[in-house]
>>> print(open('final_28.pdb').read())   # PDB, C-alpha atoms
ATOM      1  CA  GLU A   1       0.000   0.000   0.000
ATOM      2  CA  THR A   2       1.645   3.227  -1.177
ATOM      3  CA  GLY A   3      -0.805   5.691   0.342
ATOM      4  CA  VAL A   4      -2.241   6.534  -3.077
ATOM      5  CA  THR A   5      -5.674   5.018  -3.716
ATOM      6  CA  GLN A   6      -7.315   4.846  -7.107
ATOM      7  CA  THR A   7     -10.907   3.900  -7.906
ATOM      8  CA  PRO A   8     -12.281   2.103  -9.742
ATOM      9  CA  ARG A   9      -9.636  -0.546 -10.417
ATOM     10  CA  HIS A  10     -11.326  -1.642 -13.625
ATOM     11  CA  LEU A  11     -13.658   0.270 -15.918
ATOM     12  CA  VAL A  12     -15.376  -0.682 -19.136
ATOM     13  CA  MET A  13     -17.148   2.077 -21.008
ATOM     14  CA  GLY A  14     -18.701   2.755 -24.360
ATOM     15  CA  MET A  15     -17.557   5.589 -26.553
ATOM     16  CA  THR A  16     -20.571   7.725 -25.650
ATOM     17  CA  ASN A  17     -20.326   7.248 -21.875
ATOM     18  CA  LYS A  18     -19.093   9.738 -19.311
ATOM     19  CA  LYS A  19     -17.121   8.388 -16.374
ATOM     20  CA  SER A  20     -14.625   9.649 -13.826
ATOM     21  CA  LEU A  21     -11.487   8.186 -12.304
ATOM     22  CA  LYS A  22     -10.660   9.107  -8.734
ATOM     23  CA  CYS A  23      -7.340   9.342  -6.943
ATOM     24  CA  GLU A  24      -6.737  10.103  -3.278
ATOM     25  CA  GLN A  25      -3.401  10.407  -1.498
ATOM     26  CA  HIS A  26      -2.880  10.141   2.261
ATOM     27  CA  LEU A  27       0.798  11.139   2.258
ATOM     28  CA  GLY A  28       0.563  14.887   2.786
ATOM     29  CA  HIS A  29       1.962  15.492  -0.698
ATOM     30  CA  ASN A  30       1.459  18.700  -2.664
ATOM     31  CA  ALA A  31       1.791  17.497  -6.251
ATOM     32  CA  MET A  32      -0.356  14.982  -8.115
ATOM     33  CA  TYR A  33      -0.053  13.438 -11.562
ATOM     34  CA  TRP A  34      -2.000  11.451 -14.139
ATOM     35  CA  TYR A  35      -0.126   9.011 -16.369
ATOM     36  CA  LYS A  36      -1.269   6.734 -19.172
ATOM     37  CA  GLN A  37       0.418   3.372 -19.702
ATOM     38  CA  SER A  38      -0.257   1.510 -22.941
ATOM     39  CA  ALA A  39       1.265  -1.797 -23.983
ATOM     40  CA  LYS A  40       4.805  -1.524 -25.380
ATOM     41  CA  LYS A  41       4.900   2.237 -24.709
ATOM     42  CA  PRO A  42       6.578   4.191 -21.920
ATOM     43  CA  LEU A  43       4.546   5.787 -19.186
ATOM     44  CA  GLU A  44       3.116   8.985 -20.641
ATOM     45  CA  LEU A  45       2.668  11.978 -18.379
ATOM     46  CA  MET A  46      -0.764  13.543 -18.960
ATOM     47  CA  PHE A  47      -1.297  16.197 -16.303
ATOM     48  CA  VAL A  48       0.591  17.691 -13.364
ATOM     49  CA  TYR A  49      -0.950  19.589 -10.471
ATOM     50  CA  ASN A  50       1.249  21.511  -8.050
ATOM     51  CA  PHE A  51      -0.513  22.958  -5.007
ATOM     52  CA  LYS A  52      -3.877  22.280  -6.745
ATOM     53  CA  GLU A  53      -2.860  24.291  -9.825
ATOM     54  CA  GLN A  54      -2.443  22.580 -13.170
ATOM     55  CA  THR A  55       1.125  23.160 -14.310
ATOM     56  CA  GLU A  56       1.346  20.670 -17.141
ATOM     57  CA  ASN A  57      -1.001  19.484 -19.850
ATOM     58  CA  ASN A  58       1.019  17.228 -22.073
ATOM     59  CA  SER A  59      -1.048  17.819 -25.242
ATOM     60  CA  VAL A  60      -3.835  15.621 -23.935
ATOM     61  CA  PRO A  61      -7.086  15.545 -25.974
ATOM     62  CA  SER A  62      -9.969  17.485 -24.456
ATOM     63  CA  ARG A  63     -11.987  14.296 -23.970
ATOM     64  CA  PHE A  64      -9.802  13.900 -20.852
ATOM     65  CA  SER A  65     -10.581  16.561 -18.269
ATOM     66  CA  PRO A  66      -8.694  16.668 -14.957
ATOM     67  CA  GLU A  67      -9.924  18.188 -11.733
ATOM     68  CA  CYS A  68      -7.985  18.793  -8.520
ATOM     69  CA  PRO A  69     -10.288  20.176  -5.802
ATOM     70  CA  ASN A  70      -7.610  19.958  -3.089
ATOM     71  CA  SER A  71      -4.084  18.626  -2.593
ATOM     72  CA  SER A  72      -5.349  15.177  -1.619
ATOM     73  CA  HIS A  73      -7.797  14.456  -4.423
ATOM     74  CA  LEU A  74      -7.455  14.236  -8.171
ATOM     75  CA  PHE A  75     -10.058  13.260 -10.734
ATOM     76  CA  LEU A  76      -9.918  12.434 -14.419
ATOM     77  CA  HIS A  77     -13.238  12.972 -16.171
ATOM     78  CA  LEU A  78     -13.706  10.948 -19.328
ATOM     79  CA  HIS A  79     -16.160  11.527 -22.159
ATOM     80  CA  THR A  80     -16.468  10.457 -25.778
ATOM     81  CA  LEU A  81     -13.400   8.247 -25.541
ATOM     82  CA  GLN A  82     -11.961   6.207 -28.380
ATOM     83  CA  PRO A  83     -10.916   2.537 -28.321
ATOM     84  CA  GLU A  84      -7.261   3.624 -28.519
ATOM     85  CA  ASP A  85      -7.719   5.290 -25.121
ATOM     86  CA  SER A  86      -7.897   1.839 -23.544
ATOM     87  CA  ALA A  87      -4.924   1.659 -21.175
ATOM     88  CA  LEU A  88      -3.841   1.615 -17.552
ATOM     89  CA  TYR A  89      -4.284   5.059 -16.000
ATOM     90  CA  LEU A  90      -1.981   5.717 -13.096
ATOM     91  CA  CYS A  91      -2.133   8.440 -10.494
ATOM     92  CA  ALA A  92       0.950   9.494  -8.565
ATOM     93  CA  SER A  93       1.813  12.040  -5.897
ATOM     94  CA  SER A  94       4.972  13.634  -4.546
ATOM     95  CA  LEU A  95       6.181  16.202  -2.061
ATOM     96  CA  GLU A  96       7.816  19.146  -3.788
ATOM     97  CA  ALA A  97       9.724  22.052  -2.271
ATOM     98  CA  SER A  98      11.516  24.855  -4.063
ATOM     99  CA  GLY A  99      15.263  24.641  -3.907
ATOM    100  CA  ARG A 100      15.196  20.916  -3.241
ATOM    101  CA  ALA A 101      15.611  17.905  -5.488
ATOM    102  CA  VAL A 102      12.552  16.561  -7.274
ATOM    103  CA  GLY A 103      10.324  14.579  -4.965
ATOM    104  CA  ILE A 104       9.826  10.852  -5.279
ATOM    105  CA  GLN A 105       6.580   9.964  -7.005
ATOM    106  CA  TYR A 106       4.431   7.274  -5.412
ATOM    107  CA  PHE A 107       1.932   5.510  -7.640
ATOM    108  CA  GLY A 108      -1.536   4.200  -7.062
ATOM    109  CA  ALA A 109      -2.559   0.743  -8.268
ATOM    110  CA  GLY A 110      -4.099   2.195 -11.420
ATOM    111  CA  THR A 111      -7.398   1.945 -13.250
ATOM    112  CA  ARG A 112      -7.528  -0.491 -16.145
ATOM    113  CA  LEU A 113      -9.782   1.192 -18.704
ATOM    114  CA  SER A 114     -11.365  -0.550 -21.662
ATOM    115  CA  VAL A 115     -13.255   1.517 -24.240
ATOM    116  CA  LEU A 116     -15.612  -0.483 -26.422
TER     117      LEU A 116
ATOM    118  CA  GLN B   1      16.667  10.307 -30.202
ATOM    119  CA  LYS B   2      14.368   9.172 -27.386
ATOM    120  CA  GLU B   3      14.474  11.278 -24.250
ATOM    121  CA  VAL B   4      15.073   8.230 -22.062
ATOM    122  CA  GLU B   5      16.340   5.063 -23.662
ATOM    123  CA  GLN B   6      16.429   1.550 -22.273
ATOM    124  CA  ASN B   7      16.992  -1.836 -23.823
ATOM    125  CA  SER B   8      13.597  -3.552 -23.686
ATOM    126  CA  GLY B   9      15.128  -6.990 -23.092
ATOM    127  CA  PRO B  10      14.267  -9.495 -21.901
ATOM    128  CA  LEU B  11      17.471  -9.675 -19.913
ATOM    129  CA  SER B  12      17.906 -13.168 -18.527
ATOM    130  CA  VAL B  13      20.275 -13.880 -15.645
ATOM    131  CA  PRO B  14      20.707 -16.967 -13.484
ATOM    132  CA  GLU B  15      19.730 -16.858  -9.835
ATOM    133  CA  GLY B  16      22.520 -15.425  -7.720
ATOM    134  CA  ALA B  17      24.113 -13.483 -10.580
ATOM    135  CA  ILE B  18      24.451  -9.724 -10.979
ATOM    136  CA  ALA B  19      21.870  -8.077 -13.224
ATOM    137  CA  SER B  20      22.956  -4.865 -14.928
ATOM    138  CA  LEU B  21      20.307  -2.516 -16.282
ATOM    139  CA  ASN B  22      21.225   0.544 -18.299
ATOM    140  CA  CYS B  23      19.557   3.815 -19.213
ATOM    141  CA  THR B  24      20.655   6.830 -21.258
ATOM    142  CA  TYR B  25      18.951  10.209 -21.361
ATOM    143  CA  SER B  26      19.102  13.213 -23.657
ATOM    144  CA  ASP B  27      18.354  16.250 -21.443
ATOM    145  CA  ARG B  28      21.622  17.545 -19.953
ATOM    146  CA  GLY B  29      19.599  19.659 -17.524
ATOM    147  CA  SER B  30      18.215  16.596 -15.771
ATOM    148  CA  GLN B  31      19.113  16.441 -12.102
ATOM    149  CA  SER B  32      17.035  13.627 -10.643
ATOM    150  CA  PHE B  33      17.013   9.984 -11.660
ATOM    151  CA  PHE B  34      14.844   7.136 -10.501
ATOM    152  CA  TRP B  35      14.559   3.398 -10.948
ATOM    153  CA  TYR B  36      11.123   1.847 -10.556
ATOM    154  CA  ARG B  37      10.197  -1.814 -10.562
ATOM    155  CA  GLN B  38       6.904  -2.882 -12.121
ATOM    156  CA  TYR B  39       5.519  -6.374 -11.817
ATOM    157  CA  SER B  40       3.106  -7.500 -14.511
ATOM    158  CA  GLY B  41      -0.330  -5.984 -13.916
ATOM    159  CA  LYS B  42       0.909  -3.842 -11.021
ATOM    160  CA  SER B  43       1.897  -0.213 -10.613
ATOM    161  CA  PRO B  44       5.512   1.020 -10.522
ATOM    162  CA  GLU B  45       7.262   1.025  -7.147
ATOM    163  CA  LEU B  46      10.416   2.992  -6.391
ATOM    164  CA  ILE B  47      13.657   1.030  -6.074
ATOM    165  CA  MET B  48      16.288   3.767  -6.058
ATOM    166  CA  SER B  49      16.704   7.476  -6.515
ATOM    167  CA  ILE B  50      20.023   9.132  -7.344
ATOM    168  CA  TYR B  51      20.931  12.783  -7.755
ATOM    169  CA  SER B  52      24.760  12.974  -7.742
ATOM    170  CA  ASN B  53      27.439  11.411  -9.876
ATOM    171  CA  GLY B  54      28.799   8.138  -8.546
ATOM    172  CA  ASP B  55      27.305   5.103  -6.877
ATOM    173  CA  LYS B  56      24.472   4.779  -4.403
ATOM    174  CA  GLU B  57      23.912   1.471  -2.652
ATOM    175  CA  ASP B  58      20.821   0.159  -0.911
ATOM    176  CA  GLY B  59      20.917  -3.506   0.044
ATOM    177  CA  ARG B  60      21.329  -5.601  -3.093
ATOM    178  CA  PHE B  61      20.733  -2.589  -5.347
ATOM    179  CA  THR B  62      23.325  -0.101  -6.590
ATOM    180  CA  ALA B  63      22.499   2.858  -8.787
ATOM    181  CA  GLN B  64      25.286   4.469 -10.789
ATOM    182  CA  LEU B  65      25.079   7.928 -12.350
ATOM    183  CA  ASN B  66      27.411   9.549 -14.864
ATOM    184  CA  LYS B  67      26.029  12.935 -15.908
ATOM    185  CA  ALA B  68      28.867  13.634 -18.337
ATOM    186  CA  SER B  69      27.963  10.505 -20.289
ATOM    187  CA  GLN B  70      24.224  10.964 -19.605
ATOM    188  CA  TYR B  71      24.034   7.450 -18.310
ATOM    189  CA  VAL B  72      22.412   5.855 -15.278
ATOM    190  CA  SER B  73      22.476   2.179 -14.385
ATOM    191  CA  LEU B  74      21.055  -0.199 -11.821
ATOM    192  CA  LEU B  75      22.933  -3.239 -10.546
ATOM    193  CA  ILE B  76      21.110  -6.006  -8.725
ATOM    194  CA  ARG B  77      23.401  -8.344  -6.817
ATOM    195  CA  ASP B  78      22.466 -11.911  -5.878
ATOM    196  CA  SER B  79      19.481 -11.795  -8.226
ATOM    197  CA  GLN B  80      16.398 -13.662  -7.033
ATOM    198  CA  PRO B  81      13.411 -14.981  -9.017
ATOM    199  CA  SER B  82      11.318 -12.367  -7.194
ATOM    200  CA  ASP B  83      13.391  -9.701  -8.963
ATOM    201  CA  SER B  84      11.823 -10.768 -12.258
ATOM    202  CA  ALA B  85       9.920  -7.656 -13.371
ATOM    203  CA  THR B  86      10.171  -4.673 -15.692
ATOM    204  CA  TYR B  87      12.545  -1.963 -14.506
ATOM    205  CA  LEU B  88      11.697   1.585 -15.495
ATOM    206  CA  CYS B  89      14.219   4.394 -15.649
ATOM    207  CA  ALA B  90      12.784   7.871 -15.019
ATOM    208  CA  VAL B  91      14.459  11.233 -15.436
ATOM    209  CA  ASN B  92      13.187  14.682 -14.549
ATOM    210  CA  ARG B  93      12.802  17.103 -17.425
ATOM    211  CA  GLY B  94      13.844  20.708 -17.439
ATOM    212  CA  GLY B  95      14.705  20.779 -13.766
ATOM    213  CA  GLY B  96      11.039  20.567 -12.744
ATOM    214  CA  ASN B  97       8.996  17.749 -11.263
ATOM    215  CA  LYS B  98       7.941  16.254 -14.585
ATOM    216  CA  LEU B  99       9.359  12.789 -15.139
ATOM    217  CA  THR B 100      10.080  11.120 -18.443
ATOM    218  CA  PHE B 101      10.095   7.345 -18.353
ATOM    219  CA  GLY B 102      11.883   4.859 -20.543
ATOM    220  CA  THR B 103      10.035   1.898 -22.007
ATOM    221  CA  GLY B 104      11.541  -0.357 -19.344
ATOM    222  CA  THR B 105      13.791  -3.404 -19.355
ATOM    223  CA  GLN B 106      12.225  -6.767 -18.639
ATOM    224  CA  LEU B 107      14.399  -8.808 -16.291
ATOM    225  CA  LYS B 108      14.025 -12.557 -15.927
ATOM    226  CA  VAL B 109      15.899 -14.334 -13.154
ATOM    227  CA  GLU B 110      16.074 -18.020 -13.887
ATOM    228  CA  LEU B 111      16.400 -20.839 -11.368
TER     229      LEU B 111
END
>>> encode(input="final_28.pdb", output="structure tokens")
Amino acid sequence: ETGVTQTPRHLVMGMTNKKSLKCEQHLGHNAMYWYKQSAKKPLELMFVYNFKEQTENNSVPSRFSPECPNSSHLFLHLHTLQPEDSALYLCASSLEASGRAVGIQYFGAGTRLSVL
Amino acid sequence: QKEVEQNSGPLSVPEGAIASLNCTYSDRGSQSFFWYRQYSGKSPELIMSIYSNGDKEDGRFTAQLNKASQYVSLLIRDSQPSDSATYLCAVNRGGGNKLTFGTGTQLKVEL
């Protein structure tokens, strides 16, 4: 148990559905991340939130919409997805401080998403 | 050139041997380097972090960093079957807290 909890663990959705992925961290961290992991591809950073503010959108299509209401919670809202969006979606968190080395990112167990 | 490059493997080593995993990166401004282990169907878990040139040891694991050559490696001594997994190299980009991951090297430790 890393202290980062993701729900649901598995999700199957049609292309017209709207669903949300949830991530919660209990580590007192101040940065949260969404990654996508597809077969045979490296982990792809999607979004970064530092102190609840989005600081990175890695050219992610608008059908993925992140939300970070506070430092402990992160959501990824999904709508009108495509079959190629099927992947493992991982949430991570870290503790960042200016003037210090990059914090270690701790990952949740992930949500396995299948788009039919 | 890929930002973070790893040999995808599989790398097969006998039980008890030393496994050597390598990673090269392209951004000279990178300051933080991480090795994660990922078992099939699981999420990545941190094995080692390294920030300065040289070696860093933790139990059976040693990370080696050479910033001049833009090279970071992970040595696993006395390899065990439980070490069989994919090892991901991650490097921070642009001095910030964004990480770029390699595709990972699959390690198989054989009995």
>>> resolve_selection(input="final_28.pdb", expression="the ChimeraX specification (/A :<6) & /B", output="PyMOL selection string")
chain B and resi 43+97+101-103
>>> atom_distance(input="final_28.pdb", atom1="CA of Gly99 (chain A)", atom2="CA of His29 (chain A)")
16.5 Å
>>> resolve_selection(input="final_28.pdb", expression="the PyMOL selection byres ((chain B and resi 92) around 12)", output="compact mmCIF listing (two decimals) with C-alpha atoms, in the coordinates of the input")
# COMPACT_ATOMS: atom_id res chain seq x y z
CA LEU A 45 2.67 11.98 -18.38
CA ALA A 101 15.61 17.90 -5.49
CA VAL A 102 12.55 16.56 -7.27
CA GLY A 103 10.32 14.58 -4.96
CA ILE A 104 9.83 10.85 -5.28
CA GLN A 105 6.58 9.96 -7.00
CA GLU B 3 14.47 11.28 -24.25
CA VAL B 4 15.07 8.23 -22.06
CA TYR B 25 18.95 10.21 -21.36
CA SER B 26 19.10 13.21 -23.66
CA ASP B 27 18.35 16.25 -21.44
CA ARG B 28 21.62 17.55 -19.95
CA GLY B 29 19.60 19.66 -17.52
CA SER B 30 18.22 16.60 -15.77
CA GLN B 31 19.11 16.44 -12.10
CA SER B 32 17.04 13.63 -10.64
CA PHE B 33 17.01 9.98 -11.66
CA PHE B 34 14.84 7.14 -10.50
CA TRP B 35 14.56 3.40 -10.95
CA SER B 49 16.70 7.48 -6.52
CA ILE B 50 20.02 9.13 -7.34
CA TYR B 51 20.93 12.78 -7.76
CA CYS B 89 14.22 4.39 -15.65
CA ALA B 90 12.78 7.87 -15.02
CA VAL B 91 14.46 11.23 -15.44
CA ARG B 93 12.80 17.10 -17.42
CA GLY B 94 13.84 20.71 -17.44
CA GLY B 95 14.70 20.78 -13.77
CA GLY B 96 11.04 20.57 -12.74
CA ASN B 97 9.00 17.75 -11.26
CA LYS B 98 7.94 16.25 -14.58
CA LEU B 99 9.36 12.79 -15.14
CA THR B 100 10.08 11.12 -18.44
CA PHE B 101 10.10 7.34 -18.35
CA GLY B 102 11.88 4.86 -20.54
>>> atom_distance(input="final_28.pdb", atom1="CA of Thr5 (chain A)", atom2="CA of Gln25 (chain A)")
6.3 Å
>>> closest_residue(input="final_28.pdb", among="A:Met32, A:Val115, A:Lys18, A:Pro8", to="His77 (chain A)", atoms="only C-alpha atoms")
A:Lys18
>>> residues_near_point(input="final_28.pdb", point="(-21.2, 0.3, -22.6)", cutoff="12 Å", atoms="all atoms listed in the file", output="list in words")
Leu11, Val12, Met13, Gly14, Met15, Thr16, Asn17, Lys18, Lys19, Thr80, Leu81, Pro83, Ser114, Val115 and Leu116 of chain A
>>> atom_distance(input="final_28.pdb", atom1="CA of Gln6 (chain B)", atom2="CA of Ile18 (chain B)")
17.9 Å
>>> residues_around(input="final_28.pdb", residues="Glu15 (chain B)", least_positions_apart="5", cutoff="8 Å", atoms="all atoms listed in the file", output="ChimeraX atom specification")
/B:78-81,109-111
>>> write_last_selection(input="final_28.pdb", atoms="C-alpha atoms", output="short mmCIF file (atom, residue, chain, number, x, y, z; two decimals), in the frame of the given file")
data_model
loop_
_atom_site.label_atom_id
_atom_site.label_comp_id
_atom_site.auth_asym_id
_atom_site.auth_seq_id
_atom_site.Cartn_x
_atom_site.Cartn_y
_atom_site.Cartn_z
CA ASP B 78 22.47 -11.91 -5.88
CA SER B 79 19.48 -11.80 -8.23
CA GLN B 80 16.40 -13.66 -7.03
CA PRO B 81 13.41 -14.98 -9.02
CA VAL B 109 15.90 -14.33 -13.15
CA GLU B 110 16.07 -18.02 -13.89
CA LEU B 111 16.40 -20.84 -11.37
#
>>> decode(input="final_28.pdb", residues="region 29-43 of chain A", atoms="N, CA and C atoms", output="compact mmCIF listing (two decimals), in the first residue's frame")
# COMPACT_ATOMS: atom_id res chain seq x y z
N HIS A 29 1.24 14.96 0.46
CA HIS A 29 1.96 15.49 -0.70
C HIS A 29 1.27 16.72 -1.28
N ASN A 30 2.02 17.48 -2.08
CA ASN A 30 1.46 18.70 -2.66
C ASN A 30 1.45 18.69 -4.18
N ALA A 31 1.83 17.61 -4.79
CA ALA A 31 1.79 17.50 -6.25
C ALA A 31 1.14 16.17 -6.62
N MET A 32 0.32 16.19 -7.65
CA MET A 32 -0.36 14.98 -8.12
C MET A 32 -0.28 14.91 -9.63
N TYR A 33 -0.31 13.68 -10.14
CA TYR A 33 -0.05 13.44 -11.56
C TYR A 33 -1.01 12.39 -12.11
N TRP A 34 -1.34 12.53 -13.39
CA TRP A 34 -2.00 11.45 -14.14
C TRP A 34 -1.05 10.98 -15.23
N TYR A 35 -0.91 9.64 -15.32
CA TYR A 35 -0.13 9.01 -16.37
C TYR A 35 -1.00 8.01 -17.12
N LYS A 36 -0.64 7.78 -18.37
CA LYS A 36 -1.27 6.73 -19.17
C LYS A 36 -0.19 5.71 -19.52
N GLN A 37 -0.52 4.43 -19.33
CA GLN A 37 0.42 3.37 -19.70
C GLN A 37 -0.26 2.42 -20.68
N SER A 38 0.23 2.42 -21.91
CA SER A 38 -0.26 1.51 -22.94
C SER A 38 0.79 0.43 -23.17
N ALA A 39 0.35 -0.68 -23.72
CA ALA A 39 1.26 -1.80 -23.98
C ALA A 39 2.39 -1.34 -24.91
N LYS A 40 3.61 -1.76 -24.58
CA LYS A 40 4.81 -1.52 -25.38
C LYS A 40 5.19 -0.05 -25.49
N LYS A 41 4.57 0.81 -24.69
CA LYS A 41 4.90 2.24 -24.71
C LYS A 41 5.36 2.66 -23.33
N PRO A 42 6.19 3.70 -23.25
CA PRO A 42 6.58 4.19 -21.92
C PRO A 42 5.41 4.89 -21.24
N LEU A 43 5.51 4.99 -19.94
CA LEU A 43 4.55 5.79 -19.19
C LEU A 43 4.49 7.19 -19.78
